[in-house]
$ cat target27.pdb   # PDB, C-alpha atoms and all ligand atoms
ATOM      1  CA  MET A1500     105.129 103.299  62.575
ATOM      2  CA  SER A1501     104.899  99.710  63.798
ATOM      3  CA  LYS A1502     104.606  99.388  67.558
ATOM      4  CA  THR A1503     106.666  97.118  69.788
ATOM      5  CA  PRO A1504     104.988  93.756  70.322
ATOM      6  CA  VAL A1505     104.212  93.252  74.003
ATOM      7  CA  THR A1506     103.335  90.198  76.090
ATOM      8  CA  VAL A1507     101.233  90.458  79.229
ATOM      9  CA  LEU A1508     101.309  87.604  81.741
ATOM     10  CA  GLY A1509      98.643  87.514  84.443
ATOM     11  CA  LEU A1510      95.222  88.709  83.440
ATOM     12  CA  GLY A1511      93.660  89.558  86.766
ATOM     13  CA  SER A1512      92.108  92.972  87.305
ATOM     14  CA  MET A1513      95.367  94.833  86.768
ATOM     15  CA  GLY A1514      96.938  92.623  84.110
ATOM     16  CA  SER A1515      93.761  92.742  81.985
ATOM     17  CA  ALA A1516      93.748  96.534  82.231
ATOM     18  CA  LEU A1517      97.416  96.675  81.204
ATOM     19  CA  ALA A1518      96.848  94.368  78.239
ATOM     20  CA  GLY A1519      93.808  96.439  77.255
ATOM     21  CA  ALA A1520      95.908  99.608  77.339
ATOM     22  CA  PHE A1521      98.496  98.070  75.009
ATOM     23  CA  LEU A1522      95.773  96.909  72.638
ATOM     24  CA  ASP A1523      94.175 100.347  72.650
ATOM     25  CA  ALA A1524      97.546 101.902  71.853
ATOM     26  CA  GLY A1525      97.987  99.599  68.860
ATOM     27  CA  HIS A1526     100.706  97.295  70.202
ATOM     28  CA  PRO A1527     100.558  93.710  68.934
ATOM     29  CA  THR A1528      99.685  92.115  72.286
ATOM     30  CA  THR A1529     100.137  88.511  73.357
ATOM     31  CA  VAL A1530      98.449  87.382  76.554
ATOM     32  CA  TRP A1531      98.725  84.408  78.877
ATOM     33  CA  ASN A1532      96.928  83.570  82.088
ATOM     34  CA  ARG A1533      96.984  80.441  84.239
ATOM     35  CA  THR A1534      93.181  80.338  84.088
ATOM     36  CA  ALA A1535      92.947  80.543  80.322
ATOM     37  CA  SER A1536      89.352  81.821  80.137
ATOM     38  CA  LYS A1537      90.395  85.201  81.538
ATOM     39  CA  ALA A1538      92.117  85.872  78.214
ATOM     40  CA  ASP A1539      88.846  85.578  76.265
ATOM     41  CA  PRO A1540      87.734  89.238  76.414
ATOM     42  CA  LEU A1541      91.210  90.398  75.370
ATOM     43  CA  VAL A1542      91.402  87.885  72.529
ATOM     44  CA  ALA A1543      88.015  89.194  71.376
ATOM     45  CA  ARG A1544      89.607  92.655  71.256
ATOM     46  CA  GLY A1545      92.500  91.439  69.107
ATOM     47  CA  ALA A1546      95.063  89.989  71.515
ATOM     48  CA  ASN A1547      96.969  86.816  70.627
ATOM     49  CA  ARG A1548      96.462  83.965  73.064
ATOM     50  CA  ALA A1549      99.570  82.001  74.089
ATOM     51  CA  ALA A1550      99.169  78.404  75.253
ATOM     52  CA  THR A1551     102.006  78.591  77.779
ATOM     53  CA  ALA A1552     103.917  81.312  79.593
ATOM     54  CA  GLY A1553     107.012  80.266  77.612
ATOM     55  CA  ASP A1554     105.185  80.722  74.295
ATOM     56  CA  ALA A1555     103.992  84.111  75.498
ATOM     57  CA  VAL A1556     107.503  85.286  76.384
ATOM     58  CA  ARG A1557     108.810  84.080  73.002
ATOM     59  CA  ALA A1558     106.192  86.109  71.168
ATOM     60  CA  SER A1559     107.463  89.584  72.128
ATOM     61  CA  PRO A1560     110.717  91.308  73.037
ATOM     62  CA  VAL A1561     109.028  92.798  76.113
ATOM     63  CA  THR A1562     107.034  90.852  78.699
ATOM     64  CA  ILE A1563     104.976  92.564  81.389
ATOM     65  CA  ALA A1564     104.132  90.285  84.316
ATOM     66  CA  CYS A1565     101.333  91.283  86.666
ATOM     67  CA  LEU A1566     100.784  88.256  88.850
ATOM     68  CA  THR A1567      99.973  88.449  92.529
ATOM     69  CA  THR A1568     103.537  88.136  93.878
ATOM     70  CA  TYR A1569     107.155  87.767  92.726
ATOM     71  CA  GLU A1570     107.003  84.109  93.820
ATOM     72  CA  ASP A1571     103.981  83.501  91.594
ATOM     73  CA  THR A1572     105.810  85.158  88.709
ATOM     74  CA  ARG A1573     108.844  82.909  89.133
ATOM     75  CA  ALA A1574     106.619  79.835  89.365
ATOM     76  CA  ALA A1575     104.803  80.780  86.168
ATOM     77  CA  LEU A1576     108.072  81.460  84.298
ATOM     78  CA  GLU A1577     109.988  78.428  85.606
ATOM     79  CA  GLN A1578     109.955  76.647  82.221
ATOM     80  CA  ALA A1579     110.216  79.776  80.057
ATOM     81  CA  SER A1580     113.395  80.823  78.245
ATOM     82  CA  LEU A1581     114.116  84.427  79.156
ATOM     83  CA  THR A1582     117.447  84.871  77.391
ATOM     84  CA  GLY A1583     117.611  88.225  75.642
ATOM     85  CA  ARG A1584     114.065  89.178  76.675
ATOM     86  CA  ALA A1585     113.025  92.260  78.629
ATOM     87  CA  LEU A1586     110.952  91.315  81.644
ATOM     88  CA  VAL A1587     108.980  93.950  83.560
ATOM     89  CA  THR A1588     107.168  93.011  86.767
ATOM     90  CA  LEU A1589     104.351  95.270  87.947
ATOM     91  CA  ASN A1590     103.126  93.338  90.973
ATOM     92  CA  SER A1591     103.253  94.701  94.508
ATOM     93  CA  GLY A1592     106.068  93.472  96.730
ATOM     94  CA  SER A1593     108.893  94.418  99.058
ATOM     95  CA  PRO A1594     112.295  95.839  98.066
ATOM     96  CA  ALA A1595     113.873  92.543  99.201
ATOM     97  CA  GLY A1596     111.432  90.659  96.979
ATOM     98  CA  ALA A1597     112.366  92.897  94.049
ATOM     99  CA  ARG A1598     116.070  92.200  94.590
ATOM    100  CA  ARG A1599     115.453  88.425  94.667
ATOM    101  CA  MET A1600     113.352  88.671  91.517
ATOM    102  CA  ALA A1601     116.029  90.709  89.736
ATOM    103  CA  GLY A1602     118.733  88.174  90.558
ATOM    104  CA  TRP A1603     116.538  85.314  89.342
ATOM    105  CA  ALA A1604     115.652  87.043  86.080
ATOM    106  CA  ARG A1605     119.219  88.117  85.324
ATOM    107  CA  GLU A1606     120.565  84.620  86.012
ATOM    108  CA  ARG A1607     118.254  83.517  83.223
ATOM    109  CA  GLY A1608     119.583  86.116  80.805
ATOM    110  CA  ALA A1609     116.673  88.557  80.945
ATOM    111  CA  ARG A1610     116.929  92.326  81.057
ATOM    112  CA  TYR A1611     114.833  93.096  84.092
ATOM    113  CA  LEU A1612     112.851  96.118  85.228
ATOM    114  CA  ASP A1613     110.834  96.219  88.429
ATOM    115  CA  GLY A1614     107.875  98.554  88.415
ATOM    116  CA  ALA A1615     105.021  99.380  90.743
ATOM    117  CA  ILE A1616     101.570 100.734  90.079
ATOM    118  CA  LYS A1617     100.509 103.514  92.448
ATOM    119  CA  ASN A1618      99.032 106.981  92.358
ATOM    120  CA  VAL A1619     102.480 108.338  93.140
ATOM    121  CA  PRO A1620     105.942 107.743  91.639
ATOM    122  CA  SER A1621     105.857 104.524  89.626
ATOM    123  CA  ALA A1622     108.792 102.974  87.792
ATOM    124  CA  VAL A1623     107.601 101.255  84.708
ATOM    125  CA  GLY A1624     110.722 101.982  82.723
ATOM    126  CA  ALA A1625     111.399 102.096  79.012
ATOM    127  CA  PRO A1626     109.277 105.136  78.330
ATOM    128  CA  ASP A1627     108.227 104.694  74.716
ATOM    129  CA  THR A1628     106.712 101.295  75.253
ATOM    130  CA  LEU A1629     105.263 101.756  78.692
ATOM    131  CA  ARG A1630     103.947 105.294  78.456
ATOM    132  CA  VAL A1631     100.626 103.860  77.252
ATOM    133  CA  LEU A1632     100.063 102.628  80.807
ATOM    134  CA  GLY A1633      99.442 106.151  82.043
ATOM    135  CA  GLY A1634     100.705 109.704  81.986
ATOM    136  CA  ASP A1635     102.378 109.493  85.368
ATOM    137  CA  THR A1636     105.075 106.986  84.468
ATOM    138  CA  VAL A1637     108.399 107.688  86.156
ATOM    139  CA  HIS A1638     111.755 105.955  85.897
ATOM    140  CA  LEU A1639     113.067 106.128  89.458
ATOM    141  CA  GLY A1640     116.651 105.056  88.867
ATOM    142  CA  GLU A1641     119.008 102.174  88.259
ATOM    143  CA  ASP A1642     118.497 100.387  91.586
ATOM    144  CA  THR A1643     116.187  97.452  90.956
ATOM    145  CA  ASP A1644     114.317  97.804  94.206
ATOM    146  CA  LEU A1645     113.464 101.523  94.072
ATOM    147  CA  ALA A1646     109.962 101.054  92.690
ATOM    148  CA  ALA A1647     109.125  98.537  95.393
ATOM    149  CA  LEU A1648     110.704 100.808  98.012
ATOM    150  CA  TYR A1649     108.649 103.844  96.968
ATOM    151  CA  GLU A1650     105.548 101.702  96.591
ATOM    152  CA  MET A1651     105.840 100.479 100.173
ATOM    153  CA  ALA A1652     106.873 103.924 101.439
ATOM    154  CA  VAL A1653     103.676 105.376 100.024
ATOM    155  CA  GLY A1654     101.446 102.394 100.674
ATOM    156  CA  GLY A1655     102.037 102.407 104.424
ATOM    157  CA  THR A1656      99.570 105.248 104.822
ATOM    158  CA  LEU A1657      96.678 103.384 103.265
ATOM    159  CA  LEU A1658      95.553 100.968 105.962
ATOM    160  CA  PRO A1659      95.906 103.333 108.983
ATOM    161  CA  ALA A1660      94.108 106.093 107.063
ATOM    162  CA  LEU A1661      91.289 103.799 105.977
ATOM    163  CA  VAL A1662      90.908 102.144 109.375
ATOM    164  CA  GLY A1663      90.707 105.611 110.907
ATOM    165  CA  PHE A1664      87.855 106.422 108.524
ATOM    166  CA  PHE A1665      86.153 103.095 109.232
ATOM    167  CA  GLN A1666      86.452 103.741 112.978
ATOM    168  CA  GLY A1667      84.739 107.081 112.445
ATOM    169  CA  ALA A1668      81.990 105.367 110.502
ATOM    170  CA  ALA A1669      81.561 102.829 113.320
ATOM    171  CA  ALA A1670      81.304 105.650 115.871
ATOM    172  CA  LEU A1671      78.598 107.362 113.824
ATOM    173  CA  ARG A1672      76.773 104.088 113.294
ATOM    174  CA  SER A1673      76.528 103.655 117.071
ATOM    175  CA  ARG A1674      74.218 106.714 116.961
ATOM    176  CA  GLY A1675      72.311 105.623 113.872
ATOM    177  CA  LEU A1676      74.196 108.087 111.624
ATOM    178  CA  GLU A1677      75.337 107.155 108.119
ATOM    179  CA  ALA A1678      78.983 107.090 107.005
ATOM    180  CA  GLY A1679      78.044 109.450 104.191
ATOM    181  CA  THR A1680      77.481 112.234 106.710
ATOM    182  CA  LEU A1681      81.179 111.996 107.587
ATOM    183  CA  LEU A1682      82.370 112.714 104.062
ATOM    184  CA  PRO A1683      82.499 116.540 104.031
ATOM    185  CA  TYR A1684      84.547 116.602 107.228
ATOM    186  CA  ALA A1685      86.733 113.585 106.463
ATOM    187  CA  THR A1686      87.576 114.995 103.034
ATOM    188  CA  LYS A1687      88.704 118.299 104.522
ATOM    189  CA  TRP A1688      90.670 116.422 107.159
ATOM    190  CA  PHE A1689      92.550 114.426 104.523
ATOM    191  CA  GLU A1690      93.252 117.652 102.628
ATOM    192  CA  LEU A1691      94.670 119.167 105.800
ATOM    193  CA  ILE A1692      96.906 116.147 106.336
ATOM    194  CA  ILE A1693      98.170 116.432 102.740
ATOM    195  CA  SER A1694      98.951 120.102 103.303
ATOM    196  CA  LEU A1695     101.143 119.200 106.306
ATOM    197  CA  LEU A1696     103.357 116.678 104.514
ATOM    198  CA  PRO A1697     105.896 119.169 103.029
ATOM    199  CA  MET A1698     106.487 120.618 106.508
ATOM    200  CA  TYR A1699     107.033 117.165 107.977
ATOM    201  CA  ALA A1700     109.331 116.149 105.117
ATOM    202  CA  LYS A1701     111.425 119.273 105.776
ATOM    203  CA  GLU A1702     111.673 118.480 109.487
ATOM    204  CA  ILE A1703     112.653 114.875 108.787
ATOM    205  CA  ASP A1704     115.253 115.773 106.161
ATOM    206  CA  SER A1705     116.811 118.470 108.341
ATOM    207  CA  GLY A1706     116.539 116.489 111.583
ATOM    208  CA  ASP A1707     115.200 119.664 113.226
ATOM    209  CA  TYR A1708     111.957 119.015 115.119
ATOM    210  CA  SER A1709     112.367 121.958 117.476
ATOM    211  CA  ASP A1710     109.546 124.175 116.167
ATOM    212  CA  PRO A1711     106.545 121.871 116.292
ATOM    213  CA  ALA A1712     103.157 122.627 114.794
ATOM    214  CA  ALA A1713     101.951 119.688 116.884
ATOM    215  CA  SER A1714     104.221 118.175 119.504
ATOM    216  CA  VAL A1715     104.677 114.578 120.610
ATOM    217  CA  GLY A1716     103.335 115.726 123.987
ATOM    218  CA  ILE A1717     100.025 116.842 122.478
ATOM    219  CA  PHE A1718      99.530 113.487 120.788
ATOM    220  CA  HIS A1719     100.571 111.679 123.973
ATOM    221  CA  ALA A1720      98.043 113.660 126.023
ATOM    222  CA  GLY A1721      95.289 112.866 123.521
ATOM    223  CA  ALA A1722      95.785 109.098 123.623
ATOM    224  CA  ALA A1723      93.491 108.523 126.597
ATOM    225  CA  ALA A1724      90.652 110.432 124.950
ATOM    226  CA  ASP A1725      91.194 108.495 121.715
ATOM    227  CA  LEU A1726      90.649 105.270 123.645
ATOM    228  CA  GLU A1727      87.494 106.614 125.344
ATOM    229  CA  LEU A1728      85.774 106.354 121.998
ATOM    230  CA  ALA A1729      85.388 102.714 123.042
ATOM    231  CA  GLU A1730      82.530 103.927 125.275
ATOM    232  CA  GLU A1731      80.546 104.666 122.115
ATOM    233  CA  GLY A1732      80.685 100.975 121.206
ATOM    234  CA  VAL A1733      83.781 101.113 118.982
ATOM    235  CA  ASP A1734      86.746  98.720 119.001
ATOM    236  CA  VAL A1735      89.706 101.099 119.298
ATOM    237  CA  GLY A1736      92.374  98.465 120.008
ATOM    238  CA  TRP A1737      94.059  98.977 116.635
ATOM    239  CA  GLN A1738      95.326 102.353 117.882
ATOM    240  CA  ARG A1739      97.407 100.945 120.749
ATOM    241  CA  PRO A1740     100.648 100.289 118.795
ATOM    242  CA  MET A1741     100.553 103.886 117.492
ATOM    243  CA  HIS A1742      99.994 105.232 120.989
ATOM    244  CA  ASP A1743     102.847 103.062 122.170
ATOM    245  CA  LEU A1744     105.139 104.666 119.601
ATOM    246  CA  VAL A1745     104.103 108.135 120.788
ATOM    247  CA  ARG A1746     104.611 107.118 124.431
ATOM    248  CA  ARG A1747     108.110 105.821 123.696
ATOM    249  CA  ALA A1748     108.948 109.116 121.969
ATOM    250  CA  ALA A1749     107.708 111.079 124.993
ATOM    251  CA  GLU A1750     109.701 108.860 127.369
ATOM    252  CA  ALA A1751     112.818 109.365 125.222
ATOM    253  CA  GLY A1752     112.561 113.108 125.866
ATOM    254  CA  HIS A1753     110.926 114.144 122.600
ATOM    255  CA  GLY A1754     107.758 115.534 124.224
ATOM    256  CA  ASP A1755     108.389 119.109 123.096
ATOM    257  CA  ARG A1756     109.446 118.124 119.593
ATOM    258  CA  GLY A1757     107.307 117.844 116.482
ATOM    259  CA  ILE A1758     105.391 114.615 115.913
ATOM    260  CA  ALA A1759     107.522 113.856 112.832
ATOM    261  CA  VAL A1760     110.301 112.908 115.263
ATOM    262  CA  LEU A1761     108.558 109.515 115.310
ATOM    263  CA  THR A1762     110.503 108.912 112.091
ATOM    264  CA  GLU A1763     113.628 108.681 114.232
ATOM    265  CA  LEU A1764     112.083 105.889 116.331
ATOM    266  CA  LEU A1765     110.969 104.099 113.190
ATOM    267  CA  SER A1766     114.497 104.202 111.700
ATOM    268  CA  VAL A1767     116.250 101.173 113.103
ATOM    269  CA  GLY A1768     119.190 101.046 110.729
ATOM    270  CA  ALA A1769     118.065  98.572 108.094
ATOM    271  CA  ALA A1770     120.140  97.972 104.942
ATOM    272  CA  GLY A1771     120.852 101.236 103.168
ATOM    273  CA  SER A1772     119.811 103.386 106.137
ATOM    274  CA  SER A1773     122.243 105.883 107.582
ATOM    275  CA  THR A1774     120.018 106.695 110.535
ATOM    276  CA  THR A1775     120.714 104.442 113.459
ATOM    277  CA  THR A1776     120.341 106.866 116.330
ATOM    278  CA  THR A1777     117.989 109.694 117.149
ATOM    279  CA  ARG A1778     119.364 113.100 116.308
ATOM    280  CA  PRO A1779     119.953 115.725 119.003
TER     281      PRO A1779
HETATM  282  N1  LIG A1801      94.051  95.737  91.345
HETATM  283  C1  LIG A1801      94.587  96.871  91.743
HETATM  284  O1  LIG A1801      93.925  97.900  91.947
HETATM  285  C2  LIG A1801      96.078  96.969  91.914
HETATM  286  C3  LIG A1801      96.652  98.233  92.097
HETATM  287  C4  LIG A1801      98.025  98.325  92.222
HETATM  288  C5  LIG A1801      98.799  97.187  92.210
HETATM  289  N2  LIG A1801      98.210  95.965  92.048
HETATM  290  C6  LIG A1801      99.070  94.780  92.082
HETATM  291  O2  LIG A1801      99.023  94.097  90.844
HETATM  292  C7  LIG A1801      99.194  92.683  91.076
HETATM  293  C8  LIG A1801      98.009  91.936  90.450
HETATM  294  O3  LIG A1801      96.831  92.433  91.052
HETATM  295  P1  LIG A1801      95.385  92.094  90.470
HETATM  296  O4  LIG A1801      94.447  93.036  91.127
HETATM  297  O5  LIG A1801      95.416  91.996  88.991
HETATM  298  O6  LIG A1801      95.165  90.640  91.127
HETATM  299  P2  LIG A1801      94.131  89.504  90.692
HETATM  300  O7  LIG A1801      92.970  90.089  89.983
HETATM  301  O8  LIG A1801      93.894  88.699  91.926
HETATM  302  O9  LIG A1801      94.969  88.630  89.657
HETATM  303  C9  LIG A1801      96.078  87.871  90.063
HETATM  304  C10 LIG A1801      96.718  87.270  88.825
HETATM  305  O10 LIG A1801      97.866  86.519  89.207
HETATM  306  C11 LIG A1801      97.744  85.200  88.653
HETATM  307  N3  LIG A1801      98.457  84.257  89.508
HETATM  308  C12 LIG A1801      98.532  84.252  90.856
HETATM  309  N4  LIG A1801      99.297  83.247  91.290
HETATM  310  C13 LIG A1801      99.739  82.597  90.171
HETATM  311  C14 LIG A1801     100.597  81.494  89.959
HETATM  312  N5  LIG A1801     101.191  80.834  90.988
HETATM  313  N6  LIG A1801     100.824  81.095  88.682
HETATM  314  C15 LIG A1801     100.256  81.753  87.651
HETATM  315  N7  LIG A1801      99.436  82.807  87.788
HETATM  316  C16 LIG A1801      99.191  83.232  89.039
HETATM  317  C17 LIG A1801      96.265  84.949  88.589
HETATM  318  O11 LIG A1801      95.997  83.885  87.693
HETATM  319  P3  LIG A1801      94.577  83.111  87.774
HETATM  320  O12 LIG A1801      93.606  83.995  87.027
HETATM  321  O13 LIG A1801      94.815  81.829  87.106
HETATM  322  O14 LIG A1801      94.234  82.971  89.226
HETATM  323  C18 LIG A1801      95.782  86.314  88.070
HETATM  324  O15 LIG A1801      96.047  86.446  86.684
HETATM  325  C19 LIG A1801      99.284  92.505  92.594
HETATM  326  O16 LIG A1801     100.616  92.454  93.006
HETATM  327  C20 LIG A1801      98.616  93.767  93.118
HETATM  328  O17 LIG A1801      99.056  94.094  94.422
HETATM  329  C21 LIG A1801      96.876  95.846  91.887
END

$ encode --input "target27.pdb" --output "structure tokens"
Amino acid sequence: MSKTPVTVLGLGSMGSALAGAFLDAGHPTTVWNRTASKADPLVARGANRAATAGDAVRASPVTIACLTTYEDTRAALEQASLTGRALVTLNSGSPAGARRMAGWARERGARYLDGAIKNVPSAVGAPDTLRVLGGDTVHLGEDTDLAALYEMAVGGTLLPALVGFFQGAAALRSRGLEAGTLLPYATKWFELIISLLPMYAKEIDSGDYSDPAASVGIFHAGAAADLELAEEGVDVGWQRPMHDLVRRAAEAGHGDRGIAVLTELLSVGAAGSSTTTTRP
């Protein structure tokens, strides 16, 4: 059976991997990149090189764009005719960015799908064509910005978690100990955190924080000790905004409630949110 021809725009680390996956799966694959030389390895594997982004879009019914941002994608496609084409973006970006991109693409007559690449729910749409990108491909729904929303909802854990690990490594280094010695304990710690998430999700969804495994008060009491790690020669300043959030929760009377009540402070009633006040 002949496979759907696919175009991939943007051949950075991710775009090259995507194009490679389509080639491996036997899709006729057209590629374009602003810096043309990045297409060379894919052309050597059988991809067709397009001279312009417009030529690339014309070559296939489906175009996958994996440039750095939505703005970059629009800039690259400014001169391209998108009428009747399916355009899928797989860059990172905000829900608002996804909505702007969708409006832009639809004004130009494209069928548009916003996707995100993550280790958790990803929306890369039309299953038969995009399944080659990985076994964990999920269509999240009709709202254009859902992939970006889930991507950011998941991604918010990355930097705090990593900085916490790096802080631990810095503390060990101050005693001449290697980061590798932290791994057995850090790994178990991350596993423990993962095991707690269903409980926290239940508390958040029910609004009932009255039976805490760990209360706001406990975290509040621990803040001073957290900062004393500075005495080991570690910059702990990055923790202050998190401590401030915990302090505000304690001052708002949540001291005896579960730490997931912080979600209520973080919900400030943005578009689509129904939570504008803390629950009783
Ligand atoms: N790499 C990952 O592990 C990963 C994981 C998940 C999601 N993502 C997301 O995937 C997207 C691409 O990431 P990447 O790692 O592939 O980045 P990358 O290696 O830095 O590649 C960026 C690509 O965007 C192109 N580009 C940027 N601005 C452009 C413009 N104004 N006009 C035309 N082309 C432009 C670059 O073209 P040139 O080659 O000409 O510079 C290059 O092809 C990002 O949104 C990233 O957050 C990446």

$ axis_aligned_box --input "target27.pdb" --around "ligand LIG 1801 (chain A)" --padding-each-side "5 Å" --output "lines of an AutoDock Vina configuration file"
center_x = 97.1
center_y = 89.6
center_z = 90.6
size_x = 18.2
size_y = 27.5
size_z = 17.7

$ residues_near_ligand --input "target27.pdb" --ligand "ligand LIG 1801 (chain A)" --cutoff "7 Å" --atoms "all atoms listed in the file" --output "list in words"
Gly1509, Leu1510, Gly1511, Ser1512, Met1513, Gly1514, Asn1532, Arg1533, Thr1534, Lys1537, Cys1565, Leu1566, Thr1567, Thr1568, Asp1571, Thr1572, Ala1574, Ala1575, Leu1589, Asn1590, Ser1591, Gly1592, Ala1615, Ile1616 and Lys1617 of chain A

$ residues_around --input "target27.pdb" --residues "segment 1719-1727 of chain A" --least-positions-apart "3" --cutoff "8 Å" --atoms "only C-alpha atoms" --output "NGL selection string"
:A and (1715-1716 or 1730-1731 or 1735-1736 or 1738 or 1742 or 1745-1746 or 1749)

$ closest_residue --input "target27.pdb" --among "A:Gly1732, A:Gly1706, A:Gly1752, A:Pro1740" --to "Ala1669 of chain A" --atoms "all atoms listed in the file"
A:Gly1732

$ atom_distance --input "target27.pdb" --atom1 "atom CA of Glu1641 of chain A" --atom2 "atom CA of Ala1585 of chain A"
15.1 Å

$ closest_residue --input "target27.pdb" --among "A:Leu1764, A:Ala1646, A:Leu1581, A:Ala1729" --to "Gly1667 of chain A" --atoms "only C-alpha atoms"
A:Ala1729
